file query-v1.csv (CSV, C-alpha atoms and all ligand atoms)
chain,number,residue,atom,x,y,z
S,1,MET,CA,16.5,3.0,-19.6
S,2,LEU,CA,15.1,-0.5,-19.1
S,3,VAL,CA,14.7,-1.5,-15.5
S,4,LEU,CA,13.7,-4.8,-14.0
S,5,GLY,CA,11.8,-4.3,-10.7
S,6,VAL,CA,11.4,-6.9,-8.0
S,7,GLU,CA,9.0,-6.6,-5.0
S,8,THR,CA,9.1,-9.3,-2.2
S,9,SER,CA,8.4,-7.3,0.9
S,10,CYS,CA,5.4,-9.2,2.2
S,11,ASP,CA,3.1,-11.8,0.7
S,12,GLU,CA,3.2,-10.9,-3.0
S,13,THR,CA,6.0,-11.6,-5.5
S,14,GLY,CA,5.9,-8.8,-8.0
S,15,VAL,CA,8.2,-8.3,-11.0
S,16,ALA,CA,8.0,-5.8,-13.8
S,17,LEU,CA,10.0,-4.4,-16.7
S,18,TYR,CA,9.7,-0.6,-17.0
S,19,HIS,CA,11.2,1.4,-19.8
S,20,SER,CA,11.7,5.2,-19.2
S,21,GLU,CA,10.4,6.0,-22.7
S,22,ARG,CA,8.2,3.1,-23.6
S,23,GLY,CA,6.5,2.7,-20.2
S,24,LEU,CA,5.5,-0.5,-18.6
S,25,LEU,CA,6.5,-3.4,-20.9
S,26,ALA,CA,5.5,-6.4,-18.8
S,27,ASP,CA,4.6,-7.2,-15.2
S,28,ALA,CA,3.6,-10.3,-13.2
S,29,LEU,CA,2.3,-10.9,-9.7
S,30,TYR,CA,2.1,-14.0,-7.7
S,31,SER,CA,-0.1,-13.7,-4.6
S,32,GLN,CA,0.6,-16.0,-1.6
S,33,ILE,CA,-2.8,-15.3,-0.1
S,34,PRO,CA,-3.9,-19.0,-0.3
S,35,LEU,CA,-0.7,-20.0,1.4
S,36,HIS,CA,-1.3,-17.8,4.4
S,37,ALA,CA,-5.2,-18.0,4.5
S,38,ASP,CA,-5.4,-20.8,7.0
S,39,TYR,CA,-3.3,-18.8,9.5
S,40,GLY,CA,-5.4,-15.6,9.1
S,41,GLY,CA,-2.3,-13.6,8.4
S,42,VAL,CA,1.2,-13.7,6.8
S,43,VAL,CA,3.6,-16.4,8.2
S,44,PRO,CA,7.0,-14.8,7.5
S,45,GLU,CA,9.0,-18.0,7.0
S,46,LEU,CA,6.5,-19.4,4.6
S,47,ALA,CA,6.5,-16.1,2.7
S,48,SER,CA,10.3,-16.1,2.3
S,49,ARG,CA,10.4,-19.7,1.0
S,50,ASP,CA,7.6,-19.0,-1.5
S,51,HIS,CA,9.4,-15.9,-2.8
S,52,ILE,CA,12.5,-18.1,-3.4
S,53,ARG,CA,10.3,-20.5,-5.5
S,54,LYS,CA,8.5,-17.8,-7.5
S,55,THR,CA,10.8,-14.9,-8.2
S,56,LEU,CA,13.1,-16.3,-10.9
S,57,PRO,CA,10.4,-18.1,-12.9
S,58,LEU,CA,8.3,-14.9,-12.8
S,59,ILE,CA,11.3,-12.8,-14.1
S,60,ALA,CA,11.8,-15.4,-16.9
S,61,GLN,CA,8.1,-15.1,-17.7
S,62,ILE,CA,8.0,-11.3,-18.1
S,63,MET,CA,11.2,-11.4,-20.2
S,64,ARG,CA,9.6,-13.9,-22.5
S,65,GLN,CA,6.4,-11.8,-22.7
S,66,ALA,CA,8.3,-8.6,-23.5
S,67,GLY,CA,10.7,-10.3,-25.9
S,68,ILE,CA,13.6,-9.1,-23.8
S,69,GLY,CA,16.8,-10.9,-22.9
S,70,PRO,CA,18.9,-10.4,-19.7
S,71,GLY,CA,21.4,-8.4,-21.7
S,72,ASP,CA,18.8,-5.8,-22.5
S,73,VAL,CA,18.3,-4.9,-18.8
S,74,GLU,CA,20.0,-1.7,-17.9
S,75,GLY,CA,19.2,-1.5,-14.2
S,76,LEU,CA,17.7,-3.5,-11.3
S,77,ALA,CA,15.4,-2.1,-8.7
S,78,TYR,CA,14.2,-4.1,-5.7
S,79,THR,CA,12.3,-3.3,-2.5
S,80,SER,CA,14.8,-3.0,0.2
S,81,GLY,CA,12.4,-2.1,3.0
S,82,PRO,CA,10.3,-1.7,5.0
S,83,GLY,CA,8.9,-5.2,5.3
S,84,LEU,CA,9.6,-8.7,6.5
S,85,VAL,CA,13.3,-9.2,6.7
S,86,GLY,CA,13.4,-12.7,5.2
S,87,ALA,CA,11.1,-11.8,2.4
S,88,LEU,CA,13.0,-8.6,1.6
S,89,LEU,CA,16.3,-10.6,1.5
S,90,VAL,CA,15.0,-12.9,-1.2
S,91,GLY,CA,14.3,-10.1,-3.7
S,92,ALA,CA,17.3,-8.1,-2.6
S,93,SER,CA,19.7,-11.0,-3.1
S,94,ILE,CA,18.3,-12.0,-6.5
S,95,ALA,CA,18.2,-8.4,-7.9
S,96,ARG,CA,21.6,-7.4,-6.5
S,97,SER,CA,23.2,-10.6,-7.8
S,98,MET,CA,21.6,-10.2,-11.2
S,99,ALA,CA,22.8,-6.6,-11.5
S,100,TRP,CA,26.3,-7.8,-10.6
S,101,ALA,CA,26.2,-10.6,-13.2
S,102,LEU,CA,24.9,-8.2,-15.8
S,103,GLN,CA,27.3,-5.4,-14.8
S,104,VAL,CA,24.4,-2.9,-14.5
S,105,PRO,CA,23.5,-0.6,-11.5
S,106,ALA,CA,21.1,-1.7,-8.8
S,107,ILE,CA,19.0,0.4,-6.4
S,108,GLY,CA,17.1,-0.5,-3.2
S,109,VAL,CA,13.7,1.1,-3.3
S,110,HIS,CA,11.5,2.2,-0.3
S,111,HIS,CA,8.3,0.2,-0.5
S,112,MET,CA,6.1,3.3,0.4
S,113,GLU,CA,7.9,5.4,-2.1
S,114,GLY,CA,6.9,2.8,-4.7
S,115,HIS,CA,3.3,3.2,-3.6
S,116,LEU,CA,3.6,7.0,-3.6
S,117,LEU,CA,4.9,7.1,-7.1
S,118,ALA,CA,2.7,4.4,-8.6
S,119,PRO,CA,-0.1,6.9,-9.5
S,120,LEU,CA,2.5,8.7,-11.7
S,121,LEU,CA,2.7,5.7,-14.0
S,122,ASP,CA,-0.5,7.2,-15.5
S,123,PRO,CA,0.5,10.0,-18.0
S,124,SER,CA,-2.4,12.2,-16.8
S,125,ALA,CA,-1.1,12.1,-13.2
S,126,PRO,CA,-0.4,15.3,-11.4
S,127,GLU,CA,3.0,17.0,-11.2
S,128,PHE,CA,4.8,17.7,-7.9
S,129,PRO,CA,4.0,19.1,-5.4
S,130,PHE,CA,1.0,17.1,-4.2
S,131,ILE,CA,-0.4,15.4,-1.0
S,132,ALA,CA,-0.2,11.7,-0.9
S,133,LEU,CA,-2.4,9.4,1.3
S,134,LEU,CA,-0.6,6.1,1.6
S,135,VAL,CA,-2.8,3.5,3.2
S,136,SER,CA,-1.6,-0.1,3.3
S,137,GLY,CA,-1.5,-3.1,5.6
S,138,GLY,CA,1.6,-1.8,7.4
S,139,HIS,CA,1.4,2.0,7.0
S,140,THR,CA,-1.0,5.0,7.1
S,141,LEU,CA,0.8,8.1,6.1
S,142,LEU,CA,-0.1,11.6,4.9
S,143,VAL,CA,2.9,13.0,3.0
S,144,ARG,CA,3.6,16.2,1.2
S,145,ALA,CA,5.6,15.2,-1.9
S,146,ASP,CA,7.7,18.0,-3.5
S,147,GLY,CA,9.7,15.8,-5.8
S,148,VAL,CA,11.2,12.3,-6.1
S,149,GLY,CA,12.6,11.6,-2.6
S,150,ASN,CA,11.6,14.9,-1.3
S,151,TYR,CA,8.9,14.0,1.1
S,152,GLU,CA,7.6,15.5,4.3
S,153,VAL,CA,5.6,13.1,6.5
S,154,LEU,CA,2.6,15.3,7.7
S,155,GLY,CA,0.9,12.6,9.7
S,156,GLU,CA,1.0,8.9,10.4
S,157,SER,CA,-0.7,6.2,12.4
S,158,LEU,CA,0.4,6.1,16.0
S,159,ASP,CA,-0.6,2.4,16.2
S,160,ASP,CA,-2.4,0.1,13.7
S,161,ALA,CA,-2.4,0.9,10.0
S,162,ALA,CA,-5.7,1.3,8.3
S,163,GLY,CA,-5.3,-1.9,6.3
S,164,GLU,CA,-4.3,-3.8,9.5
S,165,ALA,CA,-7.6,-2.6,11.1
S,166,PHE,CA,-9.5,-3.9,8.1
S,167,ASP,CA,-7.7,-7.2,8.4
S,168,LYS,CA,-8.4,-7.5,12.1
S,169,THR,CA,-12.1,-6.5,11.7
S,170,ALA,CA,-12.4,-9.2,9.0
S,171,LYS,CA,-11.1,-11.8,11.5
S,172,MET,CA,-13.6,-10.7,14.2
S,173,LEU,CA,-16.4,-11.1,11.6
S,174,GLY,CA,-15.2,-14.5,10.5
S,175,LEU,CA,-14.1,-13.3,7.1
S,176,GLY,CA,-11.0,-14.4,5.2
S,177,TYR,CA,-7.6,-12.8,4.7
S,178,PRO,CA,-6.8,-10.2,3.5
S,179,GLY,CA,-9.7,-8.6,5.1
S,180,GLY,CA,-10.1,-5.2,3.4
S,181,PRO,CA,-11.9,-6.4,0.2
S,182,GLU,CA,-14.0,-8.8,2.2
S,183,VAL,CA,-15.1,-6.2,4.8
S,184,ALA,CA,-15.8,-3.8,2.0
S,185,ALA,CA,-17.9,-6.4,0.1
S,186,LEU,CA,-19.9,-7.3,3.2
S,187,ALA,CA,-20.4,-3.6,4.1
S,188,GLN,CA,-22.4,-3.2,0.8
S,189,SER,CA,-25.4,-4.8,2.4
S,190,GLY,CA,-24.9,-3.1,5.8
S,191,ASP,CA,-27.1,-0.5,7.3
S,192,PRO,CA,-25.1,2.7,7.8
S,193,GLU,CA,-27.6,4.0,10.5
S,194,ARG,CA,-27.5,1.0,12.8
S,195,PHE,CA,-24.2,1.7,14.6
S,196,ASP,CA,-22.2,4.9,15.0
S,197,PHE,CA,-18.5,4.1,15.4
S,198,PRO,CA,-15.9,6.6,16.6
S,199,ARG,CA,-13.7,8.7,14.2
S,200,PRO,CA,-10.4,8.5,16.2
S,201,MET,CA,-8.4,11.7,16.7
S,202,THR,CA,-10.5,13.8,14.3
S,203,ASP,CA,-11.5,16.2,17.2
S,204,ARG,CA,-7.8,17.1,17.8
S,205,PRO,CA,-5.6,19.2,15.6
S,206,GLY,CA,-2.9,17.6,13.6
S,207,LEU,CA,-2.7,14.9,10.9
S,208,ASP,CA,-1.8,11.7,12.9
S,209,PHE,CA,-4.1,8.7,13.0
S,210,SER,CA,-4.9,6.0,15.5
S,211,PHE,CA,-6.9,2.9,14.6
S,212,SER,CA,-6.4,0.7,17.6
S,213,GLY,CA,-9.2,2.2,19.6
S,214,LEU,CA,-11.6,1.8,16.7
S,215,LYS,CA,-10.5,-1.9,16.5
S,216,THR,CA,-11.3,-2.4,20.2
S,217,TYR,CA,-14.7,-0.6,19.8
S,218,THR,CA,-15.5,-3.0,16.9
S,219,LEU,CA,-14.4,-6.0,18.9
S,220,ASN,CA,-16.6,-4.9,21.9
S,221,THR,CA,-19.6,-4.4,19.5
S,222,VAL,CA,-19.1,-7.9,18.0
S,223,LYS,CA,-18.8,-9.5,21.5
S,224,ARG,CA,-21.9,-7.7,22.7
S,225,LEU,CA,-23.9,-8.8,19.7
S,226,GLU,CA,-22.6,-12.4,20.1
S,227,GLN,CA,-23.5,-12.5,23.8
S,228,SER,CA,-27.0,-11.3,23.2
S,229,GLY,CA,-27.5,-13.8,20.4
S,230,GLN,CA,-27.9,-11.1,17.8
S,231,LEU,CA,-24.8,-11.7,15.7
S,232,ASP,CA,-26.6,-12.8,12.5
S,233,ASP,CA,-25.5,-12.1,8.9
S,234,GLN,CA,-27.3,-8.7,8.9
S,235,ALA,CA,-25.6,-7.6,12.1
S,236,ARG,CA,-22.2,-8.6,10.7
S,237,ALA,CA,-22.8,-6.6,7.6
S,238,ASP,CA,-24.0,-3.6,9.7
S,239,VAL,CA,-20.8,-3.8,11.8
S,240,ALA,CA,-18.7,-4.0,8.6
S,241,ARG,CA,-20.5,-0.9,7.2
S,242,ALA,CA,-20.1,1.1,10.5
S,243,PHE,CA,-16.4,0.2,10.6
S,244,GLU,CA,-15.8,1.1,7.0
S,245,GLU,CA,-17.7,4.4,7.4
S,246,ALA,CA,-15.6,5.2,10.4
S,247,VAL,CA,-12.2,4.5,8.7
S,248,VAL,CA,-13.2,6.3,5.5
S,249,ASP,CA,-14.5,9.3,7.4
S,250,THR,CA,-11.4,9.6,9.5
S,251,LEU,CA,-9.1,9.4,6.4
S,252,VAL,CA,-11.2,11.9,4.5
S,253,ILE,CA,-11.3,14.4,7.4
S,254,LYS,CA,-7.5,14.3,7.7
S,255,CYS,CA,-6.9,14.5,4.0
S,256,ARG,CA,-9.2,17.6,3.8
S,257,ARG,CA,-7.2,19.2,6.6
S,258,ALA,CA,-3.9,18.4,4.8
S,259,VAL,CA,-5.1,19.9,1.5
S,260,ARG,CA,-6.6,23.0,3.2
S,261,ASP,CA,-3.4,23.6,5.2
S,262,SER,CA,-1.0,23.1,2.3
S,263,GLY,CA,-3.1,24.9,-0.3
S,264,LEU,CA,-2.1,22.2,-2.9
S,265,ASP,CA,-4.5,21.2,-5.7
S,266,SER,CA,-3.9,17.5,-6.0
S,267,LEU,CA,-3.9,14.5,-3.8
S,268,VAL,CA,-2.8,11.0,-4.8
S,269,MET,CA,-3.7,8.0,-2.9
S,270,ALA,CA,-2.1,4.6,-3.0
S,271,GLY,CA,-1.5,1.4,-1.1
S,272,GLY,CA,-3.9,-1.5,-0.7
S,273,VAL,CA,-6.7,0.4,1.1
S,274,ALA,CA,-6.7,3.0,-1.7
S,275,ALA,CA,-8.5,0.2,-3.7
S,276,ASN,CA,-11.5,0.8,-1.4
S,277,ARG,CA,-14.4,2.2,-3.5
S,278,ARG,CA,-16.1,4.1,-0.8
S,279,LEU,CA,-12.9,5.8,0.1
S,280,ARG,CA,-12.3,6.9,-3.5
S,281,GLU,CA,-15.8,8.3,-3.9
S,282,ARG,CA,-15.9,10.0,-0.6
S,283,LEU,CA,-12.5,11.6,-0.9
S,284,ALA,CA,-13.2,13.0,-4.4
S,285,THR,CA,-16.5,14.5,-3.2
S,286,ALA,CA,-14.9,16.0,-0.1
S,287,LEU,CA,-12.0,17.6,-1.9
S,288,GLU,CA,-14.0,19.1,-4.8
S,289,PRO,CA,-15.0,22.2,-2.9
S,290,LEU,CA,-11.3,22.8,-2.2
S,291,ALA,CA,-10.6,22.6,-6.0
S,292,CYS,CA,-8.4,19.6,-5.3
S,293,ARG,CA,-8.4,16.6,-7.6
S,294,VAL,CA,-7.9,13.1,-6.3
S,295,CYS,CA,-5.8,10.7,-8.4
S,296,TYR,CA,-5.4,7.0,-7.7
S,297,PRO,CA,-3.9,4.2,-9.7
S,298,PRO,CA,-6.0,1.3,-10.9
S,299,PRO,CA,-6.6,-1.3,-8.1
S,300,GLU,CA,-3.9,-3.6,-9.4
S,301,LEU,CA,-1.3,-0.8,-8.9
S,302,CYS,CA,-2.7,0.1,-5.5
S,303,THR,CA,-1.8,-3.2,-3.9
S,304,ASP,CA,1.7,-4.5,-3.9
S,305,ASN,CA,3.3,-4.9,-7.3
S,306,GLY,CA,6.6,-5.0,-9.2
S,307,ALA,CA,5.7,-2.1,-11.5
S,308,MET,CA,5.8,0.6,-8.8
S,309,ILE,CA,9.3,-0.7,-7.7
S,310,ALA,CA,10.6,-0.7,-11.3
S,311,PHE,CA,9.2,2.8,-11.9
S,312,ALA,CA,10.5,4.3,-8.6
S,313,GLY,CA,13.9,2.6,-9.2
S,314,CYS,CA,14.1,3.9,-12.8
S,315,LEU,CA,13.5,7.5,-11.7
S,316,ARG,CA,16.4,7.2,-9.2
S,317,LEU,CA,18.7,5.4,-11.5
S,318,LEU,CA,18.1,7.9,-14.2
S,319,ALA,CA,19.1,10.6,-11.7
S,320,GLY,CA,22.4,8.8,-11.3
S,321,GLN,CA,21.7,7.2,-8.0
S,322,HIS,CA,22.6,3.6,-7.3
S,323,ASP,CA,23.7,1.4,-4.4
S,324,GLY,CA,27.0,-0.3,-3.8
S,325,LEU,CA,27.4,-4.1,-3.9
S,326,THR,CA,25.8,-4.6,-0.5
S,327,ILE,CA,22.6,-6.5,-0.4
S,328,ASN,CA,20.3,-4.1,1.4
S,329,ALA,CA,17.4,-5.2,3.4
S,330,ARG,CA,15.9,-2.6,5.8
S,331,PRO,CA,12.9,-4.0,7.6
S,332,ARG,CA,12.5,-0.6,9.4
S,333,TRP,CA,13.2,2.4,7.2
S,334,PRO,CA,11.5,5.8,8.1
S,335,MET,CA,10.3,7.5,4.9
S,336,ASN,CA,11.8,10.8,5.9
S,337,GLU,CA,15.3,9.3,5.8
S,338,LEU,CA,15.0,9.1,2.0
S,339,GLU,CA,17.4,11.0,-0.2
S,340,GLY,CA,16.1,13.4,-2.8
S,341,VAL,CA,17.2,13.1,-6.4
S,401,LIG,O1,-0.3,-2.2,-0.1
S,401,LIG,P1,-0.7,-3.5,0.2
S,401,LIG,O2,-1.1,-4.5,-0.9
S,401,LIG,O3,0.3,-4.3,1.1
S,401,LIG,C1,1.1,-3.7,2.1
S,401,LIG,O4,2.1,-3.1,1.7
S,401,LIG,O5,0.6,-3.8,3.2
S,401,LIG,O6,-2.0,-3.4,1.2
S,401,LIG,C2,-2.7,-4.5,1.7
S,401,LIG,C3,-3.8,-4.0,2.6
S,401,LIG,C4,-4.4,-5.1,3.4
S,401,LIG,O7,-4.5,-4.7,4.7
S,401,LIG,C5,-5.8,-5.2,2.7
S,401,LIG,O8,-6.8,-5.7,3.6
S,401,LIG,C6,-6.1,-3.8,2.3
S,401,LIG,O9,-4.8,-3.3,1.9
S,401,LIG,N1,-7.1,-3.7,1.2
S,401,LIG,C7,-8.2,-3.0,1.4
S,401,LIG,C8,-8.9,-3.2,0.1
S,401,LIG,N2,-8.1,-3.9,-0.7
S,401,LIG,C9,-7.0,-4.2,0.0
S,401,LIG,N3,-8.8,-2.4,2.4
S,401,LIG,C10,-10.0,-1.8,2.2
S,401,LIG,N4,-10.7,-1.9,1.1
S,401,LIG,C11,-10.2,-2.6,0.0
S,401,LIG,N5,-11.0,-2.7,-1.1
S,402,ZN,ZN,2.4,-2.2,0.1

call {"tool": "encode", "arguments": {"input": "query-v1.csv", "output": "structure tokens", "more": "lines below"}}
Ligand code: KG4
Ligand code: ZN
result
Amino acid sequence: MLVLGVETSCDETGVALYHSERGLLADALYSQIPLHADYGGVVPELASRDHIRKTLPLIAQIMRQAGIGPGDVEGLAYTSGPGLVGALLVGASIARSMAWALQVPAIGVHHMEGHLLAPLLDPSAPEFPFIALLVSGGHTLLVRADGVGNYEVLGESLDDAAGEAFDKTAKMLGLGYPGGPEVAALAQSGDPERFDFPRPMTDRPGLDFSFSGLKTYTLNTVKRLEQSGQLDDQARADVARAFEEAVVDTLVIKCRRAVRDSGLDSLVMAGGVAANRRLRERLATALEPLACRVCYPPPELCTDNGAMIAFAGCLRLLAGQHDGLTINARPRWPMNELEGV
């Protein structure tokens, strides 16, 4: 089955053509980062308007690349939530209308399910069941995945998402948006011994996260350094390092706990923060003694993209699921409300 996937939940327009037997045929991504950079974060109305400008030309582009005509498409998949409502509506309207015009089924995909399944695009990926760490700008989730749509949320952030904490820390340090890659790059030259930041909620049982206290701790440290005239380039790098160490350590501690408690032998990680190198290395080392392997998609499939939506949609369409003619945008959509296949 050939599925066209459309992702427009936030600040990236992603489209892809995925074939159930031939794999990923073409994909394209347009990032709005420069559009929002001056504002230090995503401006929802600007995001929606830009998705309107970019989605159709990008679809035409990947069809040309793959040598595929609209009549070859057998199903449409689009992100129907969670995300920015205006941005979601653009992709949902385009995909649902195309499916209607082509008389093929359409399905609204949960953005975090897209992230969760993205590692499975790699043929050497693990089989179900596995633990998934989903760390993006909007979510921090630890999930037990027993099959497509069969997810148990084991833990989640009670306040800020890990990516959001990276973005806010970047702002405090005068870095650009999105902050994760910039904080990680600056942390490279930071001294890990200079500051010791808290590892929130690691001294309590359970698998939930909280990053807002760590954010405040970081802000107070930056303010203190500023007031005493010590906030030079080295101090900024040292703060970035201490912050990154604290987030990575916190995520690793909870992942180890989830693996130990479940007895499962594989963990996949996905979402933008899963592109973080230190997190990848640290997690692999920490889970080795538990005989658990860590799998993660290449960085371009960690951050938002159309391929993960085409793939997740294809699995559901192949199982016979599809939506009605309604254009579905669900800005809030708890993951445990998903139907199994
Ligand atoms: O999954 P994603 O592309 O979009 C959302 O669905 O939110 O994730 C974006 C988030 C941003 O907060 C960004 O700062 C973070 O992922 N991120 C990183 C890295 N690359 C992206 N955080 C830490 N280290 C990175 N290398
Ligand atoms: Zn995402």

call {"tool": "residues_around", "arguments": {"input": "query-v1.csv", "residues": "Cys292 of chain S", "least_positions_apart": "5", "cutoff": "6 Å", "atoms": "all atoms listed in the file", "output": "ChimeraX atom specification"}}
result
/S:265-266,287

call {"tool": "closest_residue", "arguments": {"input": "query-v1.csv", "among": "S:Leu56, S:Ala319, S:Leu89, S:Ala275", "to": "ligand LIG 401 (chain S)", "atoms": "only C-alpha atoms and all ligand atoms"}}
result
S:Ala275

call {"tool": "residues_around", "arguments": {"input": "query-v1.csv", "residues": "Gly272 of chain S", "least_positions_apart": "3", "cutoff": "8 Å", "atoms": "all atoms listed in the file", "output": "list in words"}}
result
Val135, Ser136, Gly137, Gly163, Ala275, Asn276, Pro299, Cys302, Thr303 and Asp304 of chain S

call {"tool": "atom_distance", "arguments": {"input": "query-v1.csv", "atom1": "atom CA of Leu142 of chain S", "atom2": "atom CA of Ala125 of chain S"}}
result
18.1 Å

call {"tool": "residues_around", "arguments": {"input": "query-v1.csv", "residues": "segment 96-103 of chain S", "least_positions_apart": "6", "cutoff": "9 Å", "atoms": "only C-alpha atoms", "output": "list in words"}}
result
Pro70, Gly71, Val73, Glu74, Gly75, Leu76, Ala77, Tyr78, Leu325, Thr326, Ile327 and Asn328 of chain S

call {"tool": "atom_distance", "arguments": {"input": "query-v1.csv", "atom1": "atom C3 of ligand LIG 401 (chain S)", "atom2": "atom CA of Val42 of chain S"}}
result
11.7 Å

call {"tool": "atom_distance", "arguments": {"input": "query-v1.csv", "atom1": "atom CA of Ala87 of chain S", "atom2": "atom CA of Lys54 of chain S"}}
result
11.9 Å

call {"tool": "closest_residue", "arguments": {"input": "query-v1.csv", "among": "S:Ile131, S:Ile62, S:Val341, S:Ile33", "to": "ligand LIG 401 (chain S)", "atoms": "all atoms listed in the file"}}
result
S:Ile33

call {"tool": "residues_near_ligand", "arguments": {"input": "query-v1.csv", "ligand": "ligand ZN 402 (chain S)", "cutoff": "12 Å", "atoms": "all atoms listed in the file", "output": "ChimeraX atom specification"}}
result
/S:7-14,79,81-84,110-116,118,134-140,161,163-164,270-275,300-306,308-309

call {"tool": "residues_around", "arguments": {"input": "query-v1.csv", "residues": "Gly190 of chain S", "least_positions_apart": "6", "cutoff": "9 Å", "atoms": "all atoms listed in the file", "output": "list in words"}}
result
Gln234, Ala235, Arg236, Ala237, Asp238, Val239, Ala240, Arg241 and Ala242 of chain S

call {"tool": "closest_residue", "arguments": {"input": "query-v1.csv", "among": "S:Tyr18, S:Phe166, S:Phe128, S:Tyr30", "to": "ligand LIG 401 (chain S)", "atoms": "all atoms listed in the file"}}
result
S:Phe166

call {"tool": "residues_around", "arguments": {"input": "query-v1.csv", "residues": "Asp38 of chain S", "least_positions_apart": "5", "cutoff": "12 Å", "atoms": "all atoms listed in the file", "output": "ChimeraX atom specification"}}
result
/S:32-33,43,171,175-178

call {"tool": "closest_residue", "arguments": {"input": "query-v1.csv", "among": "S:Ser189, S:Ser124, S:Thr285, S:Ser80", "to": "Asp233 of chain S", "atoms": "all atoms listed in the file"}}
result
S:Ser189

call {"tool": "closest_residue", "arguments": {"input": "query-v1.csv", "among": "S:Arg64, S:His51, S:Arg280, S:Arg194", "to": "ligand LIG 401 (chain S)", "atoms": "only C-alpha atoms and all ligand atoms"}}
result
S:Arg280
